[in-house]
Amino acid sequence: MRFLIALLLMLAGSAQACLFVRDVKPAGWFEWSSGLFAGDVIKVEHDAPKALDILTVKIVETFKGPPGDVATVMIPVHLRKSCGMELPAEGARVLVALNAANDSMWLPLSENYAEQLRAHAARQ
């Protein structure tokens with residue numbers, strides 16, 4: 001529940017909540033998401049009229065949800081900037097989380113955190 005409240009605050013633009021999301025444990029992502037996967041960024045775009053950052057990600061590992069090949073994730077520019085996040089470069093590994101309400105979030109993904117996600121998924 002704490003994770004959900006923090007994520008809702010983050011989606012509203014709270015920089016403090018962004019810090020919480022960066023530090024959330026794998027269980028929080030599994031609770032919030034309907035789809036959770038690792039992927040490599042293959043395209044980075046910006047939709048200026050809609051103020052959206054758009055990442056196209058080649059899915060390399062699915063932690064939760066149906067498997068897929070490619071995903072397109074759109075995040076408001078103001079959210080990324082308020083969280084102090086840089087757009088990832090092509091080839092960067094990211095964690096992408098999608099929920100049932102069609103909200104999404106991406107974060108840089110380290111191998112260490114990917115191992116924690118795998119371990120949590122194995123316990124499910």
# chains A, B, ... in the order shown; residues from 1 in each chain; ligands from 1

call {"tool": "select_by_dssp", "arguments": {"residues": "chain A", "states": "helix (DSSP H, G or I)", "output": "PDB file with C-alpha atoms, in the first residue's frame"}}
result
ATOM      1  CA  ARG A   2       2.843   2.387   0.862  1.00  0.00           C
ATOM      2  CA  PHE A   3       4.342   1.776  -2.587  1.00  0.00           C
ATOM      3  CA  LEU A   4       1.037   2.510  -4.330  1.00  0.00           C
ATOM      4  CA  ILE A   5       0.616   5.823  -2.492  1.00  0.00           C
ATOM      5  CA  ALA A   6       4.181   6.827  -3.331  1.00  0.00           C
ATOM      6  CA  LEU A   7       3.712   5.892  -6.973  1.00  0.00           C
ATOM      7  CA  LEU A   8       0.512   7.917  -7.214  1.00  0.00           C
ATOM      8  CA  LEU A   9       2.333  10.900  -5.756  1.00  0.00           C
ATOM      9  CA  MET A  10       5.128  10.390  -8.238  1.00  0.00           C
ATOM     10  CA  LEU A  11       2.707  10.291 -11.141  1.00  0.00           C
ATOM     11  CA  ALA A  15      10.149  14.576  -6.726  1.00  0.00           C
ATOM     12  CA  GLN A  16      10.186  13.065  -3.220  1.00  0.00           C
ATOM     13  CA  ALA A  17       8.082  10.131  -4.399  1.00  0.00           C
ATOM     14  CA  CYS A  18      10.466   9.675  -7.337  1.00  0.00           C
ATOM     15  CA  LEU A  19      13.267   9.014  -4.884  1.00  0.00           C
ATOM     16  CA  PHE A  20      11.126   6.373  -3.192  1.00  0.00           C
ATOM     17  CA  VAL A  21      10.382   4.643  -6.510  1.00  0.00           C
ATOM     18  CA  ARG A  22      14.091   4.482  -7.317  1.00  0.00           C
ATOM     19  CA  PRO A  26      11.191  -5.819  -6.025  1.00  0.00           C
ATOM     20  CA  ALA A  27       8.060  -6.792  -4.060  1.00  0.00           C
ATOM     21  CA  GLY A  28       6.720  -3.254  -4.568  1.00  0.00           C
ATOM     22  CA  TRP A  29       7.097  -3.460  -8.330  1.00  0.00           C
ATOM     23  CA  PHE A  30       5.454  -6.893  -8.390  1.00  0.00           C
ATOM     24  CA  GLU A  31       2.546  -5.550  -6.316  1.00  0.00           C
ATOM     25  CA  TRP A  32       1.977  -2.476  -8.498  1.00  0.00           C
ATOM     26  CA  VAL A  77       8.392  14.781 -19.851  1.00  0.00           C
ATOM     27  CA  HIS A  78       7.515  16.683 -16.663  1.00  0.00           C
ATOM     28  CA  LEU A  79       7.547  13.409 -14.715  1.00  0.00           C
ATOM     29  CA  ARG A  80      10.982  12.419 -15.991  1.00  0.00           C
ATOM     30  CA  LYS A  81      12.374  15.883 -15.319  1.00  0.00           C
ATOM     31  CA  SER A  82      10.825  16.195 -11.854  1.00  0.00           C
ATOM     32  CA  GLU A 111      22.332  -6.602 -13.167  1.00  0.00           C
ATOM     33  CA  ASN A 112      22.205  -6.680  -9.377  1.00  0.00           C
ATOM     34  CA  TYR A 113      18.620  -5.378  -9.318  1.00  0.00           C
ATOM     35  CA  ALA A 114      17.651  -7.777 -12.119  1.00  0.00           C
ATOM     36  CA  GLU A 115      18.934 -10.638  -9.938  1.00  0.00           C
ATOM     37  CA  GLN A 116      16.754  -9.404  -7.065  1.00  0.00           C
ATOM     38  CA  LEU A 117      13.729  -9.326  -9.381  1.00  0.00           C
ATOM     39  CA  ARG A 118      14.465 -12.880 -10.569  1.00  0.00           C
ATOM     40  CA  ALA A 119      14.741 -14.099  -6.990  1.00  0.00           C
ATOM     41  CA  HIS A 120      11.452 -12.446  -6.059  1.00  0.00           C
ATOM     42  CA  ALA A 121       9.708 -13.924  -9.115  1.00  0.00           C
ATOM     43  CA  ALA A 122      10.994 -17.390  -8.192  1.00  0.00           C
ATOM     44  CA  ARG A 123       9.383 -17.065  -4.753  1.00  0.00           C
TER      45      ARG A 123
END

call {"tool": "residues_around", "arguments": {"residues": "Lys64 (chain A)", "least_positions_apart": "5", "cutoff": "8 Å", "atoms": "only C-alpha atoms", "output": "PyMOL selection string"}}
result
chain A and resi 30+33-37+121

call {"tool": "atom_distance", "arguments": {"atom1": "CA of Gln124 (chain A)", "atom2": "CA of Ile59 (chain A)"}}
result
21.1 Å

call {"tool": "residues_around", "arguments": {"residues": "Pro88 (chain A)", "least_positions_apart": "6", "cutoff": "8 Å", "atoms": "only C-alpha atoms", "output": "PyMOL selection string"}}
result
chain A and resi 41+44+108

call {"tool": "residues_around", "arguments": {"residues": "Ile54 (chain A)", "least_positions_apart": "3", "cutoff": "8 Å", "atoms": "only C-alpha atoms", "output": "list of chain:residue names"}}
result
A:Val44, A:Glu45, A:His46, A:Asp47, A:Thr72, A:Val73, A:Met74, A:Ile75

call {"tool": "write_last_selection", "arguments": {"atoms": "C-alpha atoms", "output": "PDB file, in the first residue's frame"}}
result
ATOM      1  CA  VAL A  44      14.144   7.194 -28.064  1.00  0.00           C
ATOM      2  CA  GLU A  45      11.638   9.764 -29.295  1.00  0.00           C
ATOM      3  CA  HIS A  46       9.994  12.938 -28.022  1.00  0.00           C
ATOM      4  CA  ASP A  47       6.428  13.969 -28.843  1.00  0.00           C
ATOM      5  CA  THR A  72       6.600   1.183 -26.497  1.00  0.00           C
ATOM      6  CA  VAL A  73       6.501   3.159 -23.265  1.00  0.00           C
ATOM      7  CA  MET A  74       5.322   6.765 -23.024  1.00  0.00           C
ATOM      8  CA  ILE A  75       6.109   8.916 -19.989  1.00  0.00           C
TER       9      ILE A  75
END

call {"tool": "select_by_dssp", "arguments": {"residues": "chain A", "states": "strand (DSSP E or B)", "output": "number ranges by chain"}}
result
A: 35-47, 52-64, 70-76, 93-98, 104-108
